[in-house]
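Visitor: Structure file upload-v2.cif (mmCIF, C-alpha atoms (C1' of nucleotides)) is given on the next line.
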data_work
#
loop_
_atom_site.label_atom_id
_atom_site.label_comp_id
_atom_site.auth_asym_id
_atom_site.auth_seq_id
_atom_site.Cartn_x
_atom_site.Cartn_y
_atom_site.Cartn_z
CA MET A 1 -25.21 26.44 83.21
CA LYS A 2 -27.53 26.15 80.25
CA SER A 3 -28.48 29.79 80.28
CA ASP A 4 -27.39 32.77 78.20
CA ARG A 5 -30.11 34.31 76.13
CA ARG A 6 -27.79 34.87 73.18
CA VAL A 7 -27.12 31.16 72.81
CA ARG A 8 -30.75 30.23 73.19
CA TYR A 9 -31.74 32.83 70.62
CA THR A 10 -29.10 31.81 68.12
CA ARG A 11 -29.98 28.13 68.30
CA MET A 12 -33.66 28.90 68.07
CA VAL A 13 -33.45 31.01 64.92
CA LEU A 14 -31.09 28.52 63.31
CA LYS A 15 -33.57 25.73 63.98
CA GLN A 16 -36.44 27.75 62.62
CA ALA A 17 -34.43 28.67 59.54
CA LEU A 18 -33.55 25.08 58.77
CA LEU A 19 -37.12 23.90 59.27
CA SER A 20 -38.51 26.59 57.02
CA LEU A 21 -35.98 25.65 54.34
CA MET A 22 -36.93 22.00 54.70
CA LEU A 23 -40.40 22.89 53.53
CA GLU A 24 -38.87 23.98 50.23
CA ARG A 25 -35.97 21.61 49.57
CA PRO A 26 -34.46 18.40 50.86
CA ILE A 27 -31.73 19.01 53.40
CA THR A 28 -29.37 17.73 50.73
CA ARG A 29 -29.70 21.00 48.90
CA ILE A 30 -29.65 23.27 51.91
CA THR A 31 -26.39 25.06 52.61
CA VAL A 32 -25.03 26.49 55.83
CA THR A 33 -24.87 29.84 54.07
CA GLU A 34 -28.59 29.75 53.31
CA ILE A 35 -29.54 28.81 56.85
CA CYS A 36 -27.48 31.69 58.22
CA GLU A 37 -28.93 34.19 55.78
CA ARG A 38 -32.46 33.24 56.73
CA ALA A 39 -31.64 33.25 60.43
CA GLU A 40 -29.65 36.49 60.16
CA VAL A 41 -26.82 34.85 61.99
CA ASN A 42 -23.17 34.95 61.07
CA ARG A 43 -21.86 31.81 59.46
CA ALA A 44 -19.02 31.53 61.96
CA THR A 45 -21.62 31.44 64.71
CA PHE A 46 -23.32 28.51 63.07
CA TYR A 47 -20.10 26.53 63.23
CA ALA A 48 -19.72 27.47 66.87
CA HIS A 49 -22.87 25.41 67.54
CA TYR A 50 -23.24 22.80 64.83
CA ALA A 51 -21.02 20.85 62.48
CA ASP A 52 -23.34 21.09 59.48
CA PRO A 53 -27.05 21.14 58.60
CA TYR A 54 -27.36 17.42 59.34
CA ASP A 55 -26.02 17.95 62.82
CA LEU A 56 -28.51 20.74 63.37
CA LEU A 57 -31.37 18.54 62.19
CA ALA A 58 -30.17 15.73 64.44
CA ARG A 59 -30.35 18.02 67.47
CA ILE A 60 -33.86 19.08 66.57
CA GLU A 61 -34.89 15.46 66.17
CA ASN A 62 -33.26 14.36 69.39
CA GLU A 63 -35.16 16.96 71.37
CA LEU A 64 -38.41 15.92 69.72
CA PHE A 65 -37.65 12.28 70.29
CA GLU A 66 -36.98 12.81 73.97
CA SER A 67 -40.18 14.79 74.30
CA ILE A 68 -42.14 11.92 72.80
CA ARG A 69 -40.33 9.31 74.82
CA ARG A 70 -40.96 11.17 78.05
CA SER A 71 -44.66 11.42 77.39
CA ILE A 72 -44.77 7.64 77.13
CA ALA A 73 -42.61 6.88 80.11
CA GLY A 74 -45.42 8.31 82.19
CA GLY A 75 -47.71 5.39 81.52
CA LEU A 76 -44.93 2.85 81.35
CA SER A 77 -45.05 -0.80 82.30
CA SER A 78 -48.82 -0.79 82.33
CA GLY A 79 -48.46 -0.10 78.64
CA SER A 80 -50.43 -2.16 76.21
CA LEU A 81 -49.42 -1.67 72.60
CA ARG A 82 -52.64 0.24 72.02
CA ARG A 83 -51.84 2.57 74.89
CA ILE A 84 -48.30 3.23 73.67
CA LEU A 85 -49.49 3.97 70.15
CA THR A 86 -52.07 6.37 71.53
CA ASP A 87 -49.42 8.13 73.60
CA ILE A 88 -47.11 8.39 70.62
CA CYS A 89 -49.84 9.89 68.45
CA SER A 90 -50.86 12.31 71.18
CA SER A 91 -47.32 13.46 71.64
CA ILE A 92 -46.91 13.85 67.91
CA ARG A 93 -50.00 16.01 67.80
CA GLU A 94 -48.69 18.14 70.64
CA ASN A 95 -45.57 18.72 68.57
CA GLY A 96 -47.68 19.19 65.47
CA ALA A 97 -45.88 22.08 63.82
CA LEU A 98 -42.53 20.37 64.07
CA CYS A 99 -43.79 16.95 63.03
CA ARG A 100 -45.47 18.37 59.99
CA VAL A 101 -42.01 19.36 58.75
CA ILE A 102 -40.14 16.25 59.85
CA PHE A 103 -42.72 13.97 58.26
CA SER A 104 -43.14 16.01 55.11
CA GLU A 105 -41.82 15.35 51.63
CA TYR A 106 -38.38 16.76 52.34
CA GLY A 107 -38.33 15.58 55.92
CA ASP A 108 -36.56 12.63 57.48
CA ARG A 109 -38.25 9.30 56.81
CA GLU A 110 -36.16 7.56 59.39
CA PHE A 111 -37.31 9.61 62.32
CA LEU A 112 -40.75 8.07 62.65
CA GLU A 113 -39.25 4.60 62.44
CA ARG A 114 -37.07 5.53 65.36
CA VAL A 115 -40.09 6.70 67.32
CA LEU A 116 -42.07 3.56 66.62
CA ASN A 117 -39.13 1.48 67.72
CA ILE A 118 -40.01 2.61 71.20
CA ALA A 119 -42.88 0.15 70.97
CA ARG A 120 -40.77 -2.59 69.48
CA VAL A 121 -40.47 -4.71 72.58
CA GLU A 122 -44.21 -4.58 73.27
CA SER A 123 -45.00 -5.31 69.63
CA MET A 124 -42.78 -8.33 69.42
CA ALA A 125 -44.08 -9.65 72.72
CA LEU A 126 -47.61 -9.30 71.51
CA TRP A 127 -46.98 -11.03 68.18
CA ARG A 128 -45.10 -13.73 69.99
CA SER A 129 -47.99 -14.41 72.34
CA ILE A 130 -50.47 -14.56 69.51
CA VAL A 131 -48.34 -16.61 67.14
CA PRO A 132 -46.32 -18.78 69.50
CA HIS A 133 -45.28 -21.18 66.78
CA ALA A 134 -43.74 -18.47 64.60
CA GLY A 135 -39.97 -18.45 64.18
CA GLU A 136 -37.79 -15.48 65.07
CA ARG A 137 -37.33 -14.80 61.41
CA GLU A 138 -41.04 -14.63 60.77
CA LEU A 139 -41.58 -12.42 63.80
CA GLU A 140 -39.02 -9.98 62.49
CA ARG A 141 -40.82 -10.00 59.19
CA MET A 142 -44.12 -9.24 60.88
CA TYR A 143 -42.62 -6.48 62.93
CA ALA A 144 -41.12 -4.92 59.81
CA PHE A 145 -44.49 -5.09 58.12
CA PHE A 146 -46.50 -3.63 60.95
CA SER A 147 -44.06 -0.97 62.04
CA GLN A 148 -43.52 0.35 58.52
CA GLY A 149 -47.21 0.13 57.82
CA SER A 150 -47.99 2.01 60.99
CA ALA A 151 -45.41 4.63 60.14
CA ALA A 152 -47.09 5.21 56.80
CA VAL A 153 -50.51 5.62 58.41
CA ILE A 154 -49.25 8.01 61.06
CA ARG A 155 -47.38 10.02 58.46
CA GLY A 156 -50.52 10.32 56.39
CA TRP A 157 -52.48 11.33 59.45
CA VAL A 158 -50.01 14.09 60.33
CA LEU A 159 -49.74 15.46 56.82
CA SER A 160 -53.50 15.58 56.34
CA GLY A 161 -53.96 17.72 59.39
CA MET A 162 -54.32 15.29 62.30
CA GLN A 163 -58.07 15.57 62.34
CA ASP A 164 -58.76 12.15 63.80
CA ALA A 165 -58.15 11.67 67.49
CA PRO A 166 -54.95 9.85 68.47
CA GLU A 167 -57.13 7.12 69.97
CA GLU A 168 -58.73 6.55 66.59
CA ILE A 169 -55.41 6.13 64.85
CA ALA A 170 -54.15 3.76 67.50
CA ALA A 171 -57.38 1.80 67.32
CA PHE A 172 -57.13 1.60 63.54
CA LEU A 173 -53.57 0.33 63.74
CA GLU A 174 -54.51 -2.23 66.32
CA ARG A 175 -57.52 -3.40 64.37
CA ILE A 176 -55.69 -3.66 61.08
CA SER A 177 -52.77 -5.37 62.75
CA MET A 178 -54.77 -7.85 64.76
CA GLY A 179 -57.49 -9.03 62.56
CA GLY A 180 -56.49 -7.53 59.28
CA LEU A 181 -59.09 -6.87 56.69
CA ALA A 182 -61.21 -9.75 57.93
CA GLN A 183 -62.10 -7.84 61.05
CA ILE A 184 -62.57 -4.50 59.40
CA ALA A 185 -64.99 -6.13 57.01
CA GLY A 186 -66.77 -7.69 59.94
CA ASN A 187 -67.48 -10.50 57.52
CA ARG A 188 -65.42 -13.55 58.20
CA GLU A 189 -67.05 -15.71 55.59
CA LYS A 190 -66.40 -13.35 52.73
CA SER A 191 -62.86 -12.52 53.70
CA ALA A 192 -62.18 -16.17 54.28
CA GLU A 193 -62.70 -16.73 50.58
CA PHE A 194 -59.46 -14.95 49.93
CA LEU A 195 -57.60 -16.99 52.43
CA VAL A 196 -58.09 -20.41 51.00
CA LYS A 197 -54.94 -21.60 49.42
CA MET B 1 -28.60 4.96 16.70
CA LYS B 2 -27.94 3.72 20.23
CA SER B 3 -24.63 2.14 19.38
CA ASP B 4 -21.01 3.21 19.86
CA ARG B 5 -19.07 1.01 22.21
CA ARG B 6 -17.27 3.95 23.79
CA VAL B 7 -20.53 5.43 25.02
CA ARG B 8 -21.79 2.11 26.28
CA TYR B 9 -18.53 1.49 28.10
CA THR B 10 -18.41 4.93 29.68
CA ARG B 11 -21.96 4.75 30.97
CA MET B 12 -21.41 1.27 32.26
CA VAL B 13 -18.33 2.06 34.33
CA LEU B 14 -19.92 5.23 35.64
CA LYS B 15 -22.92 3.25 36.81
CA GLN B 16 -20.75 0.61 38.42
CA ALA B 17 -18.67 3.28 40.12
CA LEU B 18 -21.68 5.02 41.60
CA LEU B 19 -23.20 1.76 42.80
CA SER B 20 -20.00 0.67 44.46
CA LEU B 21 -19.76 4.05 46.19
CA MET B 22 -23.36 3.74 47.35
CA LEU B 23 -22.33 0.72 49.37
CA GLU B 24 -20.06 2.97 51.38
CA ARG B 25 -21.85 6.33 51.66
CA PRO B 26 -25.20 7.91 50.96
CA ILE B 27 -25.35 9.54 47.56
CA THR B 28 -25.47 12.81 49.45
CA ARG B 29 -21.79 12.50 50.16
CA ILE B 30 -20.71 11.14 46.79
CA THR B 31 -19.05 13.61 44.44
CA VAL B 32 -18.77 13.61 40.69
CA THR B 33 -15.02 13.67 41.14
CA GLU B 34 -15.08 10.47 43.17
CA ILE B 35 -17.26 8.65 40.70
CA CYS B 36 -14.92 9.60 37.86
CA GLU B 37 -11.83 8.57 39.76
CA ARG B 38 -13.28 5.16 40.50
CA ALA B 39 -14.52 4.75 36.94
CA GLU B 40 -11.28 6.08 35.47
CA VAL B 41 -13.27 8.44 33.31
CA ASN B 42 -12.62 12.10 32.78
CA ARG B 43 -14.88 14.41 34.69
CA ALA B 44 -15.83 16.32 31.56
CA THR B 45 -17.04 13.05 30.09
CA PHE B 46 -19.31 12.53 33.05
CA TYR B 47 -21.01 15.84 32.38
CA ALA B 48 -21.40 14.88 28.74
CA HIS B 49 -23.76 12.11 29.92
CA TYR B 50 -25.26 13.11 33.24
CA ALA B 51 -26.10 16.28 35.11
CA ASP B 52 -24.97 15.02 38.51
CA PRO B 53 -24.88 11.84 40.62
CA TYR B 54 -28.62 12.02 41.22
CA ASP B 55 -29.26 12.06 37.51
CA LEU B 56 -27.02 9.05 37.06
CA LEU B 57 -28.85 7.19 39.80
CA ALA B 58 -32.20 8.11 38.27
CA ARG B 59 -31.13 6.57 34.96
CA ILE B 60 -30.07 3.38 36.70
CA GLU B 61 -33.36 3.22 38.55
CA ASN B 62 -35.43 3.93 35.47
CA GLU B 63 -33.83 1.05 33.61
CA LEU B 64 -34.42 -1.25 36.55
CA PHE B 65 -37.98 -0.06 36.91
CA GLU B 66 -38.74 -0.69 33.27
CA SER B 67 -37.23 -4.13 33.51
CA ILE B 68 -39.50 -4.95 36.44
CA ARG B 69 -42.54 -3.41 34.81
CA ARG B 70 -41.99 -5.36 31.62
CA SER B 71 -41.76 -8.65 33.44
CA ILE B 72 -45.19 -7.97 34.90
CA ALA B 73 -46.83 -6.73 31.75
CA GLY B 74 -46.47 -10.26 30.49
CA GLY B 75 -49.11 -11.63 32.81
CA LEU B 76 -51.20 -8.48 32.79
CA SER B 77 -54.96 -8.21 33.17
CA SER B 78 -55.21 -11.75 34.40
CA GLY B 79 -53.18 -10.47 37.31
CA SER B 80 -54.34 -11.17 40.79
CA LEU B 81 -52.52 -9.22 43.46
CA ARG B 82 -50.74 -12.36 44.52
CA ARG B 83 -49.55 -12.94 40.98
CA ILE B 84 -48.28 -9.39 40.58
CA LEU B 85 -46.41 -9.52 43.88
CA THR B 86 -44.83 -12.80 42.83
CA ASP B 87 -43.76 -11.30 39.51
CA ILE B 88 -42.31 -8.26 41.23
CA CYS B 89 -40.33 -10.39 43.65
CA SER B 90 -39.10 -12.64 40.86
CA SER B 91 -37.95 -9.69 38.83
CA ILE B 92 -36.24 -8.21 41.85
CA ARG B 93 -34.39 -11.45 42.37
CA GLU B 94 -33.32 -11.52 38.74
CA ASN B 95 -31.85 -8.07 39.26
CA GLY B 96 -30.45 -9.14 42.59
CA ALA B 97 -27.06 -7.48 42.52
CA LEU B 98 -28.53 -4.13 41.62
CA CYS B 99 -31.43 -4.35 44.04
CA ARG B 100 -29.13 -5.21 46.89
CA VAL B 101 -27.56 -1.79 46.43
CA ILE B 102 -30.73 0.18 45.76
CA PHE B 103 -32.46 -1.31 48.81
CA SER B 104 -29.47 -1.07 51.09
CA GLU B 105 -28.77 1.37 53.89
CA TYR B 106 -27.49 4.09 51.58
CA GLY B 107 -29.86 3.22 48.77
CA ASP B 108 -33.04 4.92 47.67
CA ARG B 109 -36.02 4.16 49.91
CA GLU B 110 -38.44 5.62 47.42
CA PHE B 111 -37.63 3.24 44.62
CA LEU B 112 -39.39 0.22 46.07
CA GLU B 113 -42.46 2.32 46.78
CA ARG B 114 -42.50 3.26 43.14
CA VAL B 115 -42.30 -0.38 42.14
CA LEU B 116 -45.09 -1.44 44.45
CA ASN B 117 -47.24 1.35 43.08
CA ILE B 118 -47.49 -0.78 39.97
CA ALA B 119 -49.86 -2.94 41.97
CA ARG B 120 -51.78 0.00 43.40
CA VAL B 121 -54.84 -0.32 41.22
CA GLU B 122 -55.17 -4.04 41.90
CA SER B 123 -54.63 -3.50 45.62
CA MET B 124 -57.24 -0.82 45.95
CA ALA B 125 -59.72 -2.82 43.92
CA LEU B 126 -59.19 -5.81 46.16
CA TRP B 127 -59.57 -3.87 49.40
CA ARG B 128 -62.63 -2.20 47.98
CA SER B 129 -64.28 -5.50 47.15
CA ILE B 130 -63.55 -6.90 50.59
CA VAL B 131 -64.51 -3.83 52.56
CA PRO B 132 -67.24 -2.28 50.43
CA HIS B 133 -68.47 0.01 53.19
CA ALA B 134 -65.07 1.63 53.72
CA GLY B 135 -64.65 5.26 52.74
CA GLU B 136 -62.06 6.49 50.25
CA ARG B 137 -60.10 7.93 53.12
CA GLU B 138 -59.95 4.64 54.95
CA LEU B 139 -58.99 2.80 51.78
CA GLU B 140 -56.09 5.15 51.27
CA ARG B 141 -55.04 4.49 54.82
CA MET B 142 -55.14 0.76 54.26
CA TYR B 143 -53.18 1.04 51.06
CA ALA B 144 -50.53 3.11 52.79
CA PHE B 145 -50.30 0.52 55.53
CA PHE B 146 -50.05 -2.48 53.28
CA SER B 147 -47.80 -1.02 50.63
CA GLN B 148 -45.30 0.34 53.12
CA GLY B 149 -45.48 -2.85 55.13
CA SER B 150 -44.90 -4.90 52.01
CA ALA B 151 -41.99 -2.71 51.03
CA ALA B 152 -40.37 -3.33 54.39
CA VAL B 153 -40.77 -7.09 54.05
CA ILE B 154 -39.40 -7.17 50.54
CA ARG B 155 -36.50 -4.98 51.51
CA GLY B 156 -35.67 -7.32 54.37
CA TRP B 157 -35.94 -10.28 52.07
CA VAL B 158 -33.52 -8.77 49.55
CA LEU B 159 -30.98 -7.65 52.12
CA SER B 160 -30.93 -11.03 53.84
CA GLY B 161 -30.05 -12.81 50.63
CA MET B 162 -33.38 -13.60 48.98
CA GLN B 163 -33.37 -17.17 50.19
CA ASP B 164 -37.12 -17.67 50.23
CA ALA B 165 -38.84 -18.18 46.90
CA PRO B 166 -40.67 -15.16 45.46
CA GLU B 167 -43.90 -17.16 45.77
CA GLU B 168 -43.32 -17.49 49.49
CA ILE B 169 -42.89 -13.77 49.98
CA ALA B 170 -45.96 -13.00 47.93
CA ALA B 171 -47.93 -15.58 49.87
CA PHE B 172 -46.76 -14.15 53.17
CA LEU B 173 -47.78 -10.67 52.12
CA GLU B 174 -51.15 -11.88 50.98
CA ARG B 175 -51.74 -13.84 54.14
CA ILE B 176 -50.70 -11.08 56.47
CA SER B 177 -52.70 -8.57 54.49
CA MET B 178 -55.84 -10.60 54.23
CA GLY B 179 -56.34 -12.22 57.53
CA GLY B 180 -53.72 -10.52 59.61
CA LEU B 181 -52.29 -12.24 62.58
CA ALA B 182 -55.57 -13.97 63.31
CA GLN B 183 -55.13 -16.16 60.28
CA ILE B 184 -51.47 -16.77 60.75
CA ALA B 185 -52.22 -17.91 64.26
CA GLY B 186 -54.97 -20.14 62.95
CA ASN B 187 -56.65 -19.43 66.23
CA ARG B 188 -59.55 -17.08 65.92
CA GLU B 189 -60.68 -17.34 69.49
CA LYS B 190 -57.40 -16.29 70.97
CA SER B 191 -56.78 -13.48 68.57
CA ALA B 192 -60.35 -12.37 69.02
CA GLU B 193 -59.49 -11.59 72.60
CA PHE B 194 -57.40 -8.74 71.45
CA LEU B 195 -60.11 -7.36 69.28
CA VAL B 196 -62.74 -6.77 71.85
CA LYS B 197 -63.04 -3.13 72.61
"C1'" DC C 1 -9.35 4.59 4.60
"C1'" DA C 2 -11.99 8.72 5.78
"C1'" DA C 3 -15.31 11.06 8.33
"C1'" DT C 4 -17.46 11.26 12.47
"C1'" DT C 5 -17.73 11.37 17.22
"C1'" DA C 6 -16.33 10.40 21.99
"C1'" DT C 7 -12.90 10.96 25.35
"C1'" DG C 8 -8.92 13.15 27.52
"C1'" DC C 9 -6.69 17.19 29.06
"C1'" DA C 10 -5.85 21.63 31.07
"C1'" DA C 11 -7.48 25.75 32.54
"C1'" DC C 12 -10.91 28.84 34.44
"C1'" DA C 13 -14.45 31.34 37.24
"C1'" DT C 14 -17.68 30.29 40.75
"C1'" DG C 15 -19.44 29.28 45.22
"C1'" DG C 16 -19.77 26.82 49.52
"C1'" DT C 17 -16.74 25.13 53.28
"C1'" DG C 18 -14.50 25.32 57.62
"C1'" DT C 19 -11.28 28.09 60.31
"C1'" DT C 20 -9.05 32.05 62.32
"C1'" DG C 21 -8.03 36.44 64.99
"C1'" DA C 22 -9.55 40.66 66.38
"C1'" DA C 23 -13.31 43.93 67.23
"C1'" DT C 24 -17.77 44.49 69.10
"C1'" DA C 25 -21.95 43.45 71.48
"C1'" DT C 26 -24.43 41.18 75.08
"C1'" DC C 27 -25.05 38.75 79.25
"C1'" DT C 28 -24.28 37.49 84.14
"C1'" DT C 29 -22.68 38.42 88.56
"C1'" DT C 30 -21.52 41.09 92.27
"C1'" DA D 1 -23.97 50.28 87.54
"C1'" DA D 2 -19.57 48.49 86.52
"C1'" DA D 3 -16.49 44.56 85.43
"C1'" DG D 4 -15.43 40.35 83.72
"C1'" DA D 5 -16.83 36.72 80.92
"C1'" DT D 6 -18.53 35.07 76.82
"C1'" DA D 7 -21.11 35.07 72.38
"C1'" DT D 8 -21.52 37.16 67.99
"C1'" DT D 9 -19.82 39.70 64.10
"C1'" DC D 10 -16.67 40.68 60.53
"C1'" DA D 11 -13.15 40.07 57.13
"C1'" DA D 12 -9.98 37.20 55.28
"C1'" DC D 13 -8.02 32.80 54.12
"C1'" DA D 14 -6.94 28.26 51.80
"C1'" DC D 15 -9.40 24.44 50.06
"C1'" DC D 16 -12.15 21.74 47.11
"C1'" DA D 17 -15.98 20.32 44.09
"C1'" DT D 18 -18.52 22.29 40.40
"C1'" DG D 19 -19.72 23.08 35.68
"C1'" DT D 20 -17.86 24.78 31.36
"C1'" DT D 21 -14.69 25.46 27.55
"C1'" DG D 22 -11.41 24.80 23.47
"C1'" DC D 23 -8.38 21.81 21.64
"C1'" DA D 24 -5.76 17.51 21.01
"C1'" DT D 25 -6.15 12.65 20.68
"C1'" DA D 26 -8.25 8.29 20.30
"C1'" DA D 27 -11.77 5.08 18.87
"C1'" DT D 28 -15.77 3.75 16.05
"C1'" DT D 29 -18.50 3.31 12.12
"C1'" DG D 30 -19.54 2.70 7.30
#
What do you get writing this file as structure tokens?

Guide:
Amino acid sequence: MKSDRRVRYTRMVLKQALLSLMLERPITRITVTEICERAEVNRATFYAHYADPYDLLARIENELFESIRRSIAGGLSSGSLRRILTDICSSIRENGALCRVIFSEYGDREFLERVLNIARVESMALWRSIVPHAGERELERMYAFFSQGSAAVIRGWVLSGMQDAPEEIAAFLERISMGGLAQIAGNREKSAEFLVK
Amino acid sequence: MKSDRRVRYTRMVLKQALLSLMLERPITRITVTEICERAEVNRATFYAHYADPYDLLARIENELFESIRRSIAGGLSSGSLRRILTDICSSIRENGALCRVIFSEYGDREFLERVLNIARVESMALWRSIVPHAGERELERMYAFFSQGSAAVIRGWVLSGMQDAPEEIAAFLERISMGGLAQIAGNREKSAEFLVK
DNA sequence: CAATTATGCAACATGGTGTTGAATATCTTT
DNA sequence: AAAGATATTCAACACCATGTTGCATAATTG
């Protein structure tokens, strides 16, 4: 029911064509005509599969997202935040070629946010347990800070070649989130200087 | 040399028209024709001033950026990071109507990053002094984390009506950056639990 | 008021869009 | 291997935004 080599081939070359164009320009400036030229596919065929380049990108992202989500579901429930972040980074590395495009200059900034939202429940629960007196409003603010900060770090990691192990990145994010600079410095007295009102 | 009321009027209505359209759609889907219709300006006149909608947006952003930068230059050199962040937030609030559009769903995510980059030198210097043994690579990672995290918080602040005082936002960012959750919790023992390997 | 300059207007070629119907190629199934 | 089903190609189409132009008209400045 999902077979037919022609369809699989067509979709594959269209995806590749879009991704290769996204290394050169933002999707804003990529036309259906260009994608089809690069894929050597007739333009009418493109429209038989996708509405426009954005739709095509969305399909690519959805597949990638599901792949990442599945690799986390494996270790579900037992998942500490650290564990989930490690799984996410591992899965990103496994999809390295694709992520390098999606996270790149002309990629889609929103995608990584969507991925990190997988860990939203665990994050909020963790913050809540640590800062029980914080209001909902403040918790949201913390989540925004940490999730966007984490996204930036992961993006940098991917674009610089993913040399560090996923565990290292997850550990860094946990450390910087939990204790902040004070812990990284390993010098509570000194860092405390900056904390006095 | 910069006078002529006609020019000033034309540019003003074109800017307003684009901004009002950006509340409805991403600039991607905004045409020159639409902008001119809403501004009641001839399309040829648009091209006499701007190359395309992106150019128009860039001009708007540049003016806003300069306005923010100028309001900081006042307290320059003596600027602690906290002071700079406060100035940035104050200036953003003064340009509230405009910022609400630029930071909104269909706005320009990159603009706030550009603004926060004003504080990049001070940030890096501060991290460096606190964590003297950190490598350049790790410092970059921290800066990415904190600047993107800060951007997310400020964006949330703007979009929810800028009720808190700029000083509060700056203080929050400093607190969360410096001591992380451990400090906010005011409970080093408990938070330390999460830091043990 | 006079000279300058900006805007409005209408028309044009260009290029991408999205769709269509018919011809052709490829795949799946028996 | 042949037949039926289905995907792709091809050519053509109307449509619309683009960017530009020459000229008429309106507004501004000094």

Visitor: Could you tell me how far atom CA of A:Asp108 sits from atom CA of A:Leu56, in Å to one decimal place?

Guide: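 According to the coordinates, atom CA of A:Leu56 and atom CA of A:Asp108 are separated by 12.9 Å.
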
Visitor: Grab the atom CA of B:Val121 to atom CA of A:Phe145 distance for me, in Å with one decimal place.

Guide: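 Separation of atom CA of B:Val121 and atom CA of A:Phe145: 20.4 Å.
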
Visitor: Evaluated on this file, the PyMOL selection byres ((chain C) within 10 of (chain B)) picks out some residues - which ones are they, written as a ChimeraX atom specification?

Guide: /C:5-9

Visitor: Written as a PDB file with C-alpha atoms, in the frame of the given file, which residues does the PyMOL selection byres ((chain A and resi 39) around 9) give for the file shown?

Guide:
ATOM      1  CA  THR A  10     -29.100  31.810  68.120  1.00  0.00           C
ATOM      2  CA  VAL A  13     -33.450  31.010  64.920  1.00  0.00           C
ATOM      3  CA  LEU A  14     -31.090  28.520  63.310  1.00  0.00           C
ATOM      4  CA  LYS A  15     -33.570  25.730  63.980  1.00  0.00           C
ATOM      5  CA  GLN A  16     -36.440  27.750  62.620  1.00  0.00           C
ATOM      6  CA  ALA A  17     -34.430  28.670  59.540  1.00  0.00           C
ATOM      7  CA  LEU A  18     -33.550  25.080  58.770  1.00  0.00           C
ATOM      8  CA  GLU A  34     -28.590  29.750  53.310  1.00  0.00           C
ATOM      9  CA  ILE A  35     -29.540  28.810  56.850  1.00  0.00           C
ATOM     10  CA  CYS A  36     -27.480  31.690  58.220  1.00  0.00           C
ATOM     11  CA  GLU A  37     -28.930  34.190  55.780  1.00  0.00           C
ATOM     12  CA  ARG A  38     -32.460  33.240  56.730  1.00  0.00           C
ATOM     13  CA  GLU A  40     -29.650  36.490  60.160  1.00  0.00           C
ATOM     14  CA  VAL A  41     -26.820  34.850  61.990  1.00  0.00           C
ATOM     15  CA  ASN A  42     -23.170  34.950  61.070  1.00  0.00           C
TER      16      ASN A  42
END

Visitor: Using the chain letters and numbers from the file, which residues does the PyMOL selection byres ((chain D and resi 11) around 12) grab, as a ChimeraX atom specification?

Guide: /A:42,44 /C:20-23 /D:9-10,12-13

Visitor: Quick one: distance from atom CA of B:Phe103 to atom CA of B:Ile154 in Å, one decimal?

Guide: 9.2 Å

Visitor: So that I can see what lies close to A:Arg141, please list as JSON, numbers by chain the residues with an atom at most 9 Å from it, counting only C-alpha atoms (C1' of nucleotides) and leaving out residues fewer than 6 positions away in the same chain.

Guide: {"B": [152, 153, 156, 157]}

Visitor: I need the contact residues of chain D against chain B, so if you could list those with any atom within 9 Å, counting all atoms listed in the file, and return them as a VMD selection string, that would help.

Guide: chain D and resid 17 to 20 27 to 29

Visitor: Identify, on the basis of all atoms listed in the file, every residue whose closest approach to C:DT29 does not exceed 10 Å; exclude the query and any residue fewer than 5 positions from it along the same chain; express the result as a ChimeraX atom specification.

Guide: /D:3-5

Visitor: Can you tell me, as an MDAnalysis selection string, what residues are no more than 12 Å from A:Arg69 when counting all atoms listed in the file, ignoring any on the same chain fewer than 4 positions away?

Guide: chainID A and resid 61:65 73:76 84:85 87:92 114:119

Visitor: Which residue is closest to chain A? Choose from B:Ser123, B:Ser71, B:Thr28, B:Gln163 and count all atoms listed in the file.

Guide: B:Thr28

Visitor: Between A:Arg11, A:Arg93, A:Arg59, A:Arg82, single out the one closest to chain B, counting all atoms listed in the file.

Guide: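 Once distances to chain B are computed over all atoms listed in the file, the minimum belongs to A:Arg82.
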
Visitor: Looking at B:Arg8, B:Arg29, B:Arg100, B:Arg70, which one is nearest to chain A, with distances taken over all atoms listed in the file?

Guide: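 Once distances to chain A are computed over all atoms listed in the file, the minimum belongs to B:Arg29.
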
Visitor: Which residue gives the smallest distance to chain A among B:Ile27, B:Ala125, B:Leu98, B:Ala165, with all atoms listed in the file counted?

Guide: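 Smallest separation from chain A among the options: B:Ile27.
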
Visitor: Which is closest to chain B among A:Val131, A:Leu57, A:Pro166, A:Met22, if we use only C-alpha atoms?

Guide: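 Comparing A:Val131, A:Leu57, A:Pro166, A:Met22 against chain B, the winner is A:Val131.
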
Visitor: Go through A:Ala170, A:Ile60, A:Ile30, A:Leu159 and flag the residue nearest A:Met12, using all atoms listed in the file for the distances.

Guide: A:Ile60
